[in-house]
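Student: Dumping the structure here so I can ask a few things about it.
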Number of protein chains: 2
Amino acid sequence: MDDSIPPADARDAGEHPADIADRLQSMPAPDAAVALRDLPREAAARTLAEMDRDAAAAAAGTLPAVDAAALLTDMPHDEAADIAARLAPDLRTQVLAHFGTSDAARVADLMRYPGDSAGGIMQDRFIALPADATLGNCQERLRQWSEEDLPSASYLYVVDADRRLLGVVPIRDLVFRKPDRLVREVMNPTVRSVTVDDDRETVARLFAQYHYLALPVLDREKRLAGIVEARQVIGIVQDEATEDMQLMVGLSGEERTFTPWRRSLVPRLSWLLVNLATTFLAAAVVGLFEETIAKWTVLAVFLPVVAGQGGNAGLQTLTVIIRGMALGELQGRAAWSALGKETVLGLLNGLAIGLVVGLAGWWWKGSFILGAVVAVAMLFNMLAAAVSGVVIPAALRMAKIDPALASSIFLTTVTDVAGFFFFLGLAALVMRFL
Amino acid sequence: MDDSIPPADARDAGEHPADIADRLQSMPAPDAAVALRDLPREAAARTLAEMDRDAAAAAAGTLPAVDAAALLTDMPHDEAADIAARLAPDLRTQVLAHFGTSDAARVADLMRYPGDSAGGIMQDRFIALPADATLGNCQERLRQWSEEDLPSASYLYVVDADRRLLGVVPIRDLVFRKPDRLVREVMNPTVRSVTVDDDRETVARLFAQYHYLALPVLDREKRLAGIVEARQVIGIVQDEATEDMQLMVGLSGEERTFTPWRRSLVPRLSWLLVNLATTFLAAAVVGLFEETIAKWTVLAVFLPVVAGQGGNAGLQTLTVIIRGMALGELQGRAAWSALGKETVLGLLNGLAIGLVVGLAGWWWKGSFILGAVVAVAMLFNMLAAAVSGVVIPAALRMAKIDPALASSIFLTTVTDVAGFFFFLGLAALVMRFL
């Protein structure tokens, strides 16, 4: 994570590395690599660090190992690790060979953590203080640091001899408090932390709930291993929301508008084929009642009404539930009260919509029976939509699958199949008695 | 925005005000008000500030004006303004009468800005420095401040006599740089700022792109009026994403799983009724071809396949486009290249899915003609889905409406109507020549 003040060269060039990165990541990798080589080294390193990780690794992968290493050694360890982890194994080995021993070890250490864990997103630049120093001592000592080693941190972390976290001191305390006070006296000892294995979504939720400026990350031995800053979490929250929206409709979760169509085609087509199988299921239900439709063709006219309303009402429920899960609102008993709420809404919406559809059917086609059949089918389908809008993501979550995954496809299967079955089945039943 | 370190009383009680707020905001307002009165005043103020704004105003609205004022005067001006703005006008006047003159003026000032603008989200607690002081002077002077007046800021802002922004100094510079240096020498003069009227989504996008710790907000006279911190933006990014997901399917944008069903019913039902009107449009298209279906009932079986596939493929496109717009990826020419990409994908997916559906139709019902008709209709509908997935949100945005608003409802209307029209029209045409 870079500081928010652009370095001198980028300022001179008038373009922020993040903006150069936007252009480079929509180019083919070899072109992006050429563009990187044309930049001053520091700007190139910052640009590479700002690029989408896959695009960055692809671009770095087309550079000679020595050039790639020059860029990676110039960026924070966590960003170098993210990119190095995506390089081909032999190139990665060559690149890491150009790092100093301690840097190489730290990068390798960070590479062990999956990208969606706290360990995978933490920075390893932070300031650790001993508890028995005075604030004045600390300030003196920190003034010796070279500027480029200084983290942008909001907190100073107080640790014991084993690097175990004892407390935090807001950096402003070094400025605002009397220099003769002991770190131990001013530190806050009840500091919240996460561990390297925590999910990054959990980390994001803590930031959203408690407005932390930064959170310390502990390794498996409970030693301070890194920190996550609020400004890093903004991108994570955006990515997680994008992922949920995309998974719901059968997208990869990582597609962007600038993703080339060649890379979008297969993931999209795969889910469309799954969707196709599910629509055939709905078609088979209609097929069961072909004879009924042959005798009473107007039923076909109402098929899209029954299916469309059920699908839309179900999508409303599904969206509230999946978002509620992502925001951590649906723990324990809250899930049951959500099911209750959605069932009530399904019932009331079903009664209202059923009434309108029934009257419309009666008036349009002059058949009271048709109106009654479509009204009752509508009510049942809205209930099915409400219940499955809660049950589908809950079941996916229980199965340890992302609750958003293809959930809208599963949902419309339920609403199509149930809707057609209620509607045509009821019509067949009624016809037998007429 | 409160500091991340819980105050002593909350620490003793073992519960963070944000967690108390979660419980209180799902209670009826009078119960929440009683619970607030049972808390120590500082904890109550912090809890109220953490609550959902509408719930906070409802709870504060049931308190006597003097008690409500006690809580509001105990919180930062921006949070007090957000809640005060939602109180009934006469209660608001009574509450503001309890504020000191300068505080009342600042709260009233902040209330003028809409909640979705930079002015509506900024804090007015920041540290402004003169350019000609030394860092040591500044540090001395800041040590005189009482602790509760100190903002948690990461930057110090350098202003001239007219409060015009000259530059920023990272707060760590007070710690790490030599005390005899002038503010003017160490400040970064190329500081990015936003104005009070900028959209909060624009602000969030700047944070996401450039990883700022904080951004200064200027008033209409270009004077420094407040700051926005990265940790505030996390909640905004979450809310904006939730809003987009919800608007797409015809939800209010503000519904949460804990929203009582009474408040969810009307917004949901309204869009379901709009959706009903659009499904009647699709039904009318089927109605046009009732005779065709009467002669060839198996057509009815394929209706859900044509509509379902088109709807799902269109939702994929729509989701990518709406998210791309929210993330600022779709400016200028990028919109055209997105249309190109989606059209290519629509064509290729349409060919693939059309082929599979065609073969399935041929094999299942033993009719090559049926297979051919459904295959061609599928291809056309996938193209219509792709184009409308781009055009619908683009048109909404051009009309200055949120591009997400009910877009999935409009989209499925297009895919249903176009799909049925292509499919049944083609079938009618073919039948005439057979």
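Labels for the structure tokens follow display order: chains A, B, ..., residues from 1 in each chain, ligands from 1.
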Could you fit chain B onto chain A by least squares over every C-alpha atom, paired in order, and give me the moved chain as a compact mmCIF listing (two decimals) with C-alpha atoms, in the first residue's frame?

Tutor:
# COMPACT_ATOMS: atom_id res chain seq x y z
CA MET B 1 0.01 0.04 -0.02
CA ASP B 2 1.65 3.26 -1.09
CA ASP B 3 1.41 6.61 0.52
CA SER B 4 -1.20 8.96 -0.86
CA ILE B 5 1.30 11.57 -1.85
CA PRO B 6 2.55 10.89 -5.37
CA PRO B 7 6.33 10.59 -5.70
CA ALA B 8 8.17 13.46 -7.35
CA ASP B 9 8.53 11.77 -10.75
CA ALA B 10 4.84 10.95 -11.05
CA ARG B 11 4.03 14.50 -10.01
CA ASP B 12 6.29 15.83 -12.74
CA ALA B 13 4.77 13.51 -15.31
CA GLY B 14 1.37 14.75 -14.16
CA GLU B 15 -0.04 11.25 -13.95
CA HIS B 16 -0.60 9.13 -10.86
CA PRO B 17 0.74 5.55 -11.00
CA ALA B 18 -2.81 4.30 -10.36
CA ASP B 19 -3.95 6.03 -13.55
CA ILE B 20 -1.03 4.69 -15.56
CA ALA B 21 -1.90 1.26 -14.16
CA ASP B 22 -5.46 1.59 -15.46
CA ARG B 23 -4.16 2.06 -18.97
CA LEU B 24 -1.54 -0.66 -18.73
CA GLN B 25 -3.85 -3.36 -17.43
CA SER B 26 -6.11 -3.15 -20.46
CA MET B 27 -3.12 -3.66 -22.80
CA PRO B 28 -1.66 -7.03 -23.85
CA ALA B 29 1.02 -8.02 -21.31
CA PRO B 30 4.06 -7.48 -23.59
CA ASP B 31 2.91 -3.94 -24.45
CA ALA B 32 2.38 -3.20 -20.77
CA ALA B 33 5.89 -4.48 -20.06
CA VAL B 34 7.36 -2.16 -22.69
CA ALA B 35 5.43 0.78 -21.21
CA LEU B 36 6.78 -0.11 -17.75
CA ARG B 37 10.34 -0.12 -19.04
CA ASP B 38 9.85 3.39 -20.41
CA LEU B 39 8.95 4.72 -16.95
CA PRO B 40 11.51 5.77 -14.34
CA ARG B 41 12.15 2.77 -12.08
CA GLU B 42 10.33 4.06 -9.01
CA ALA B 43 7.28 5.08 -11.03
CA ALA B 44 7.33 1.72 -12.81
CA ALA B 45 7.38 -0.14 -9.49
CA ARG B 46 4.49 1.93 -8.16
CA THR B 47 2.52 1.45 -11.36
CA LEU B 48 3.04 -2.31 -11.31
CA ALA B 49 1.90 -2.40 -7.68
CA GLU B 50 -1.29 -0.51 -8.64
CA MET B 51 -2.21 -2.88 -11.47
CA ASP B 52 -4.74 -5.67 -11.21
CA ARG B 53 -2.64 -8.54 -9.79
CA ASP B 54 -3.09 -10.91 -12.71
CA ALA B 55 -2.28 -8.21 -15.23
CA ALA B 56 0.76 -7.17 -13.18
CA ALA B 57 2.08 -10.73 -13.03
CA ALA B 58 1.49 -11.19 -16.77
CA ALA B 59 3.41 -7.99 -17.55
CA ALA B 60 6.22 -8.81 -15.10
CA GLY B 61 6.35 -12.31 -16.57
CA THR B 62 7.36 -10.97 -19.99
CA LEU B 63 10.27 -8.96 -18.53
CA PRO B 64 13.77 -10.44 -18.05
CA ALA B 65 14.07 -11.76 -14.49
CA VAL B 66 16.54 -9.05 -13.50
CA ASP B 67 14.17 -6.27 -14.59
CA ALA B 68 11.18 -7.86 -12.93
CA ALA B 69 13.23 -8.25 -9.76
CA ALA B 70 14.25 -4.59 -9.90
CA LEU B 71 10.60 -3.56 -9.86
CA LEU B 72 9.53 -6.05 -7.19
CA THR B 73 12.34 -5.12 -4.82
CA ASP B 74 11.20 -1.52 -5.10
CA MET B 75 7.71 -2.16 -3.76
CA PRO B 76 6.40 -3.10 -0.30
CA HIS B 77 6.85 -6.78 0.56
CA ASP B 78 3.14 -7.57 0.54
CA GLU B 79 2.66 -6.26 -2.99
CA ALA B 80 5.81 -7.99 -4.23
CA ALA B 81 4.52 -11.23 -2.69
CA ASP B 82 1.12 -10.90 -4.39
CA ILE B 83 2.75 -10.52 -7.78
CA ALA B 84 5.55 -13.08 -7.22
CA ALA B 85 2.96 -15.67 -6.20
CA ARG B 86 1.43 -15.38 -9.67
CA LEU B 87 4.70 -15.78 -11.62
CA ALA B 88 5.76 -19.05 -13.22
CA PRO B 89 7.71 -21.05 -10.58
CA ASP B 90 11.13 -20.86 -12.25
CA LEU B 91 10.83 -17.13 -12.98
CA ARG B 92 9.71 -16.61 -9.39
CA THR B 93 12.82 -18.39 -8.11
CA GLN B 94 15.04 -16.24 -10.35
CA VAL B 95 13.29 -13.06 -9.25
CA LEU B 96 13.52 -13.88 -5.54
CA ALA B 97 17.24 -14.63 -5.98
CA HIS B 98 17.73 -10.91 -6.62
CA PHE B 99 16.24 -10.00 -3.25
CA GLY B 100 18.40 -9.54 -0.14
CA THR B 101 18.21 -12.52 2.22
CA SER B 102 15.91 -10.86 4.75
CA ASP B 103 13.65 -9.35 2.09
CA ALA B 104 13.41 -12.67 0.23
CA ALA B 105 12.45 -14.43 3.46
CA ARG B 106 9.76 -11.87 4.24
CA VAL B 107 8.30 -12.01 0.74
CA ALA B 108 8.34 -15.83 0.80
CA ASP B 109 6.66 -15.68 4.21
CA LEU B 110 3.87 -13.43 2.94
CA MET B 111 3.38 -15.60 -0.16
CA ARG B 112 2.30 -18.49 2.05
CA TYR B 113 -0.98 -16.81 2.93
CA PRO B 114 -3.95 -17.11 0.56
CA GLY B 115 -5.00 -13.81 -1.02
CA ASP B 116 -8.40 -13.85 0.65
CA SER B 117 -6.96 -14.18 4.18
CA ALA B 118 -5.83 -11.46 6.57
CA GLY B 119 -2.27 -12.74 6.06
CA GLY B 120 -2.70 -12.30 2.32
CA ILE B 121 -3.67 -8.63 2.58
CA MET B 122 -1.51 -7.42 5.47
CA GLN B 123 1.48 -5.11 5.13
CA ASP B 124 4.59 -5.99 7.10
CA ARG B 125 5.72 -2.38 7.58
CA PHE B 126 4.70 -1.13 11.01
CA ILE B 127 6.39 0.40 14.02
CA ALA B 128 6.84 -1.79 17.09
CA LEU B 129 7.76 -0.14 20.39
CA PRO B 130 8.94 -1.56 23.73
CA ALA B 131 6.57 -0.86 26.64
CA ASP B 132 9.23 0.58 28.92
CA ALA B 133 10.49 3.37 26.66
CA THR B 134 9.29 6.94 27.08
CA LEU B 135 7.43 8.67 24.27
CA GLY B 136 10.43 11.01 23.93
CA ASN B 137 12.79 8.02 23.50
CA CYS B 138 10.54 6.62 20.81
CA GLN B 139 10.38 9.89 18.96
CA GLU B 140 14.16 10.25 19.09
CA ARG B 141 14.66 6.74 17.83
CA LEU B 142 12.15 7.05 14.99
CA ARG B 143 13.86 10.22 13.78
CA GLN B 144 16.84 8.01 12.88
CA TRP B 145 14.78 6.01 10.38
CA SER B 146 15.21 6.82 6.74
CA GLU B 147 12.06 8.31 5.31
CA GLU B 148 11.38 5.51 2.88
CA ASP B 149 11.29 2.94 5.66
CA LEU B 150 8.61 4.83 7.53
CA PRO B 151 5.20 3.28 7.32
CA SER B 152 2.19 5.57 6.93
CA ALA B 153 0.72 3.98 10.05
CA SER B 154 -1.78 5.63 12.34
CA TYR B 155 -0.76 3.49 15.30
CA LEU B 156 2.43 2.38 16.97
CA TYR B 157 2.35 -1.18 18.25
CA VAL B 158 3.69 -2.09 21.66
CA VAL B 159 5.24 -5.56 21.83
CA ASP B 160 7.17 -7.64 24.35
CA ALA B 161 10.49 -9.40 23.70
CA ASP B 162 8.69 -12.24 21.90
CA ARG B 163 6.89 -9.81 19.56
CA ARG B 164 3.62 -10.50 21.35
CA LEU B 165 1.22 -7.56 21.12
CA LEU B 166 0.74 -5.65 24.40
CA GLY B 167 -1.16 -2.60 23.18
CA VAL B 168 -1.34 0.28 20.73
CA VAL B 169 -0.43 3.95 20.88
CA PRO B 170 -2.05 6.28 18.36
CA ILE B 171 0.78 8.02 16.54
CA ARG B 172 -0.70 11.38 17.46
CA ASP B 173 0.10 10.57 21.10
CA LEU B 174 3.79 10.93 20.28
CA VAL B 175 2.96 14.43 19.16
CA PHE B 176 0.35 15.52 21.64
CA ARG B 177 1.41 13.83 24.87
CA LYS B 178 4.26 14.86 27.16
CA PRO B 179 7.53 13.23 26.00
CA ASP B 180 8.44 11.93 29.47
CA ARG B 181 5.48 9.56 29.71
CA LEU B 182 6.05 5.84 29.41
CA VAL B 183 4.66 3.91 26.47
CA ARG B 184 3.16 1.48 28.97
CA GLU B 185 1.16 4.30 30.60
CA VAL B 186 -0.35 5.77 27.47
CA MET B 187 -0.93 2.61 25.44
CA ASN B 188 -4.37 1.13 25.05
CA PRO B 189 -4.00 -2.48 26.18
CA THR B 190 -7.40 -3.71 24.93
CA VAL B 191 -6.50 -3.78 21.28
CA ARG B 192 -8.52 -5.76 18.81
CA SER B 193 -6.54 -7.96 16.43
CA VAL B 194 -7.13 -10.57 13.76
CA THR B 195 -5.02 -13.59 12.87
CA VAL B 196 -3.36 -14.39 9.55
CA ASP B 197 -5.93 -17.10 8.82
CA ASP B 198 -9.02 -14.91 9.24
CA ASP B 199 -11.02 -14.34 6.08
CA ARG B 200 -10.53 -10.93 4.49
CA GLU B 201 -14.31 -10.54 4.47
CA THR B 202 -14.27 -10.88 8.27
CA VAL B 203 -11.56 -8.24 8.45
CA ALA B 204 -13.57 -5.91 6.22
CA ARG B 205 -16.63 -6.41 8.41
CA LEU B 206 -14.67 -5.40 11.52
CA PHE B 207 -13.53 -2.20 9.82
CA ALA B 208 -17.05 -1.41 8.68
CA GLN B 209 -18.54 -2.05 12.10
CA TYR B 210 -15.94 -0.36 14.30
CA HIS B 211 -14.35 2.24 12.00
CA TYR B 212 -10.80 1.20 12.79
CA LEU B 213 -7.94 3.10 11.20
CA ALA B 214 -5.84 -0.07 11.16
CA LEU B 215 -5.94 -3.56 12.66
CA PRO B 216 -2.93 -5.61 13.77
CA VAL B 217 -2.60 -9.13 12.34
CA LEU B 218 -1.11 -11.90 14.52
CA ASP B 219 0.58 -15.01 13.21
CA ARG B 220 -0.31 -18.52 14.39
CA GLU B 221 2.05 -18.11 17.38
CA LYS B 222 0.18 -14.92 18.38
CA ARG B 223 3.12 -12.70 17.40
CA LEU B 224 2.55 -9.42 15.60
CA ALA B 225 3.04 -10.18 11.89
CA GLY B 226 1.54 -7.21 10.07
CA ILE B 227 -1.21 -4.63 9.89
CA VAL B 228 -4.18 -3.90 7.64
CA GLU B 229 -5.14 -0.26 7.08
CA ALA B 230 -8.63 1.15 6.51
CA ARG B 231 -7.68 2.47 3.09
CA GLN B 232 -6.74 -1.05 1.93
CA VAL B 233 -10.14 -2.28 2.98
CA ILE B 234 -11.98 0.05 0.59
CA GLY B 235 -10.76 -1.94 -2.40
CA ILE B 236 -11.55 -5.21 -0.65
CA VAL B 237 -15.10 -4.14 0.12
CA GLN B 238 -15.54 -3.13 -3.52
CA ASP B 239 -14.14 -6.43 -4.76
CA GLU B 240 -16.28 -8.49 -2.40
CA ALA B 241 -19.43 -6.64 -3.46
CA THR B 242 -18.54 -7.05 -7.14
CA GLU B 243 -17.89 -10.73 -6.56
CA ASP B 244 -21.25 -11.26 -4.87
CA MET B 245 -23.14 -9.41 -7.59
CA GLN B 246 -21.38 -11.43 -10.26
CA LEU B 247 -21.62 -14.84 -8.64
CA MET B 248 -25.38 -14.38 -8.22
CA VAL B 249 -25.89 -14.27 -11.98
CA GLY B 250 -23.23 -16.81 -12.93
CA LEU B 251 -20.25 -14.61 -13.67
CA SER B 252 -16.71 -15.40 -12.54
CA GLY B 253 -16.61 -12.80 -9.78
CA GLU B 254 -13.52 -11.23 -11.31
CA GLU B 255 -14.84 -10.00 -14.62
CA ARG B 256 -14.40 -6.30 -15.32
CA THR B 257 -15.64 -4.25 -18.25
CA PHE B 258 -12.06 -4.18 -19.55
CA THR B 259 -11.64 -7.98 -19.36
CA PRO B 260 -11.12 -9.19 -22.96
CA TRP B 261 -14.09 -11.18 -24.31
CA ARG B 262 -11.85 -14.22 -24.84
CA ARG B 263 -11.42 -14.53 -21.09
CA SER B 264 -15.10 -13.85 -20.35
CA LEU B 265 -16.57 -16.35 -22.78
CA VAL B 266 -15.92 -19.68 -21.07
CA PRO B 267 -16.99 -18.75 -17.51
CA ARG B 268 -20.16 -17.09 -18.80
CA LEU B 269 -21.04 -19.86 -21.22
CA SER B 270 -20.55 -22.53 -18.55
CA TRP B 271 -23.21 -21.03 -16.32
CA LEU B 272 -25.50 -20.36 -19.27
CA LEU B 273 -25.32 -24.08 -20.02
CA VAL B 274 -26.23 -24.87 -16.42
CA ASN B 275 -29.07 -22.39 -16.76
CA LEU B 276 -30.11 -24.15 -19.95
CA ALA B 277 -30.38 -27.45 -18.13
CA THR B 278 -32.59 -25.81 -15.52
CA THR B 279 -34.84 -24.17 -18.10
CA PHE B 280 -35.29 -27.59 -19.70
CA LEU B 281 -36.58 -28.70 -16.32
CA ALA B 282 -39.17 -25.93 -16.50
CA ALA B 283 -39.91 -26.91 -20.11
CA ALA B 284 -40.43 -30.52 -19.03
CA VAL B 285 -43.05 -29.36 -16.52
CA VAL B 286 -44.87 -27.50 -19.29
CA GLY B 287 -44.47 -30.62 -21.41
CA LEU B 288 -46.34 -32.65 -18.79
CA PHE B 289 -49.35 -30.46 -19.43
CA GLU B 290 -49.16 -30.21 -23.21
CA GLU B 291 -52.61 -31.76 -23.54
CA THR B 292 -54.11 -29.26 -21.13
CA ILE B 293 -52.56 -26.40 -23.10
CA ALA B 294 -53.77 -27.92 -26.38
CA LYS B 295 -57.33 -27.74 -25.06
CA TRP B 296 -56.98 -24.35 -23.41
CA THR B 297 -54.33 -22.38 -25.31
CA VAL B 298 -54.78 -19.18 -23.35
CA LEU B 299 -52.90 -20.88 -20.52
CA ALA B 300 -49.72 -20.41 -22.58
CA VAL B 301 -50.31 -16.67 -22.53
CA PHE B 302 -50.11 -16.60 -18.74
CA LEU B 303 -46.95 -18.68 -18.45
CA PRO B 304 -44.60 -15.65 -18.66
CA VAL B 305 -46.70 -13.77 -16.10
CA VAL B 306 -46.54 -16.54 -13.50
CA ALA B 307 -42.84 -17.20 -14.09
CA GLY B 308 -41.81 -13.55 -14.44
CA GLN B 309 -43.48 -12.38 -11.25
CA GLY B 310 -42.19 -15.29 -9.22
CA GLY B 311 -38.67 -14.77 -10.55
CA ASN B 312 -38.65 -11.07 -9.79
CA ALA B 313 -40.12 -11.38 -6.31
CA GLY B 314 -37.62 -14.15 -5.57
CA LEU B 315 -34.72 -12.00 -6.78
CA GLN B 316 -35.77 -9.28 -4.35
CA THR B 317 -35.65 -11.71 -1.44
CA LEU B 318 -32.43 -13.29 -2.67
CA THR B 319 -30.69 -9.92 -2.99
CA VAL B 320 -31.63 -8.83 0.54
CA ILE B 321 -30.51 -12.17 1.99
CA ILE B 322 -27.20 -12.45 0.14
CA ARG B 323 -26.29 -8.87 0.95
CA GLY B 324 -27.35 -9.41 4.56
CA MET B 325 -25.05 -12.44 4.75
CA ALA B 326 -22.15 -10.47 3.28
CA LEU B 327 -22.69 -7.63 5.77
CA GLY B 328 -22.85 -10.10 8.65
CA GLU B 329 -26.46 -9.28 9.51
CA LEU B 330 -27.63 -12.88 9.24
CA GLN B 331 -26.07 -14.78 12.10
CA GLY B 332 -27.90 -17.34 14.25
CA ARG B 333 -31.51 -16.49 15.02
CA ALA B 334 -31.51 -13.54 12.62
CA ALA B 335 -31.71 -16.07 9.78
CA TRP B 336 -35.00 -17.42 11.12
CA SER B 337 -36.48 -13.99 11.59
CA ALA B 338 -35.46 -13.17 8.01
CA LEU B 339 -37.28 -16.30 6.82
CA GLY B 340 -40.34 -15.18 8.78
CA LYS B 341 -40.22 -11.69 7.34
CA GLU B 342 -39.80 -12.92 3.78
CA THR B 343 -42.64 -15.43 4.15
CA VAL B 344 -44.97 -12.69 5.38
CA LEU B 345 -43.94 -10.47 2.48
CA GLY B 346 -44.35 -13.37 0.03
CA LEU B 347 -47.85 -14.01 1.35
CA LEU B 348 -48.92 -10.36 1.22
CA ASN B 349 -47.31 -9.65 -2.15
CA GLY B 350 -48.78 -12.93 -3.41
CA LEU B 351 -52.27 -11.94 -2.28
CA ALA B 352 -51.98 -8.49 -3.85
CA ILE B 353 -50.40 -9.60 -7.11
CA GLY B 354 -52.62 -12.70 -7.27
CA LEU B 355 -55.70 -10.49 -6.98
CA VAL B 356 -54.55 -8.13 -9.72
CA VAL B 357 -53.49 -10.94 -12.04
CA GLY B 358 -56.72 -12.82 -11.36
CA LEU B 359 -58.87 -9.80 -12.14
CA ALA B 360 -56.81 -9.09 -15.25
CA GLY B 361 -57.17 -12.68 -16.41
CA TRP B 362 -60.91 -12.61 -15.79
CA TRP B 363 -61.39 -9.28 -17.54
CA TRP B 364 -58.99 -9.93 -20.43
CA LYS B 365 -60.12 -13.40 -21.38
CA GLY B 366 -63.63 -13.24 -19.89
CA SER B 367 -63.08 -16.39 -17.84
CA PHE B 368 -63.56 -16.27 -14.09
CA ILE B 369 -62.08 -19.74 -13.73
CA LEU B 370 -58.92 -18.71 -15.57
CA GLY B 371 -58.63 -15.68 -13.30
CA ALA B 372 -59.05 -17.82 -10.20
CA VAL B 373 -56.49 -20.40 -11.37
CA VAL B 374 -53.86 -17.82 -12.21
CA ALA B 375 -54.50 -15.92 -8.96
CA VAL B 376 -54.03 -18.98 -6.78
CA ALA B 377 -50.97 -20.12 -8.76
CA MET B 378 -49.50 -16.63 -8.38
CA LEU B 379 -49.98 -16.68 -4.61
CA PHE B 380 -48.33 -20.10 -4.28
CA ASN B 381 -45.46 -19.10 -6.55
CA MET B 382 -44.78 -15.89 -4.62
CA LEU B 383 -44.59 -17.97 -1.45
CA ALA B 384 -42.23 -20.44 -3.14
CA ALA B 385 -40.13 -17.50 -4.36
CA ALA B 386 -39.88 -15.99 -0.87
CA VAL B 387 -38.94 -19.24 0.82
CA SER B 388 -36.42 -20.28 -1.82
CA GLY B 389 -34.89 -16.78 -1.82
CA VAL B 390 -33.89 -17.50 1.79
CA VAL B 391 -33.33 -21.24 1.63
CA ILE B 392 -31.07 -21.35 -1.47
CA PRO B 393 -28.34 -19.04 -0.12
CA ALA B 394 -28.69 -20.56 3.36
CA ALA B 395 -28.20 -24.06 1.93
CA LEU B 396 -25.18 -22.94 -0.12
CA ARG B 397 -23.67 -21.37 2.98
CA MET B 398 -24.28 -24.51 5.04
CA ALA B 399 -22.54 -26.52 2.31
CA LYS B 400 -19.57 -24.09 2.70
CA ILE B 401 -20.15 -22.74 -0.80
CA ASP B 402 -20.38 -19.00 -1.44
CA PRO B 403 -24.10 -18.25 -0.86
CA ALA B 404 -24.16 -16.02 -3.92
CA LEU B 405 -22.91 -18.70 -6.33
CA ALA B 406 -25.34 -18.99 -9.24
CA SER B 407 -28.13 -18.41 -6.76
CA SER B 408 -30.29 -16.48 -9.23
CA ILE B 409 -30.12 -19.45 -11.62
CA PHE B 410 -31.25 -21.86 -8.92
CA LEU B 411 -33.91 -19.42 -7.79
CA THR B 412 -35.51 -18.95 -11.19
CA THR B 413 -35.49 -22.71 -11.63
CA VAL B 414 -37.60 -23.02 -8.51
CA THR B 415 -39.96 -20.21 -9.47
CA ASP B 416 -40.34 -21.46 -13.06
CA VAL B 417 -40.85 -25.10 -12.11
CA ALA B 418 -43.08 -24.37 -9.11
CA GLY B 419 -44.99 -21.66 -10.94
CA PHE B 420 -45.73 -23.80 -14.00
CA PHE B 421 -46.57 -26.77 -11.85
CA PHE B 422 -49.03 -24.84 -9.67
CA PHE B 423 -50.56 -23.03 -12.60
CA LEU B 424 -50.90 -25.83 -15.15
CA GLY B 425 -51.61 -28.47 -12.51
CA LEU B 426 -54.42 -26.39 -11.09
CA ALA B 427 -55.76 -25.73 -14.58
CA ALA B 428 -55.70 -29.48 -15.38
CA LEU B 429 -57.49 -30.22 -12.12
CA VAL B 430 -60.15 -27.59 -12.76
CA MET B 431 -60.67 -28.78 -16.33
CA ARG B 432 -61.37 -32.29 -15.11
CA PHE B 433 -64.29 -30.99 -13.03
CA LEU B 434 -65.71 -28.67 -15.66

Student: Please extract the residues of region 69-301 of chain A with a backbone DSSP assignment of strand (DSSP E) and present them as a VMD selection string.

Tutor: chain A and resid 128 to 130 155 to 159 165 to 170 194 to 195 214 to 218 224 to 229

Student: Save the residues we just selected, C-alpha atoms, as a compact mmCIF listing (two decimals), in the first residue's frame?

Tutor:
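File again.txt, as written:
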# COMPACT_ATOMS: atom_id res chain seq x y z
CA ALA A 128 6.87 -1.75 17.08
CA LEU A 129 7.83 -0.11 20.38
CA PRO A 130 9.02 -1.50 23.72
CA TYR A 155 -0.73 3.49 15.32
CA LEU A 156 2.47 2.41 16.98
CA TYR A 157 2.40 -1.16 18.26
CA VAL A 158 3.76 -2.06 21.67
CA VAL A 159 5.32 -5.54 21.83
CA LEU A 165 1.30 -7.54 21.15
CA LEU A 166 0.82 -5.62 24.42
CA GLY A 167 -1.09 -2.58 23.21
CA VAL A 168 -1.27 0.29 20.76
CA VAL A 169 -0.37 3.96 20.89
CA PRO A 170 -2.02 6.31 18.38
CA VAL A 194 -7.09 -10.58 13.81
CA THR A 195 -4.97 -13.60 12.90
CA ALA A 214 -5.82 -0.07 11.21
CA LEU A 215 -5.91 -3.57 12.70
CA PRO A 216 -2.88 -5.61 13.80
CA VAL A 217 -2.56 -9.14 12.37
CA LEU A 218 -1.05 -11.89 14.54
CA LEU A 224 2.59 -9.41 15.60
CA ALA A 225 3.08 -10.18 11.90
CA GLY A 226 1.57 -7.22 10.10
CA ILE A 227 -1.18 -4.65 9.91
CA VAL A 228 -4.17 -3.92 7.68
CA GLU A 229 -5.12 -0.27 7.12

Student: As a PyMOL selection string, please: every residue in region 43-251 of chain A that a backbone DSSP assignment puts in alpha helix (DSSP H).

Tutor: chain A and resi 43-50+53-61+65-73+77-84+89-97+101-111+118-121+135-142+171-176+183-186+200-210+230-248
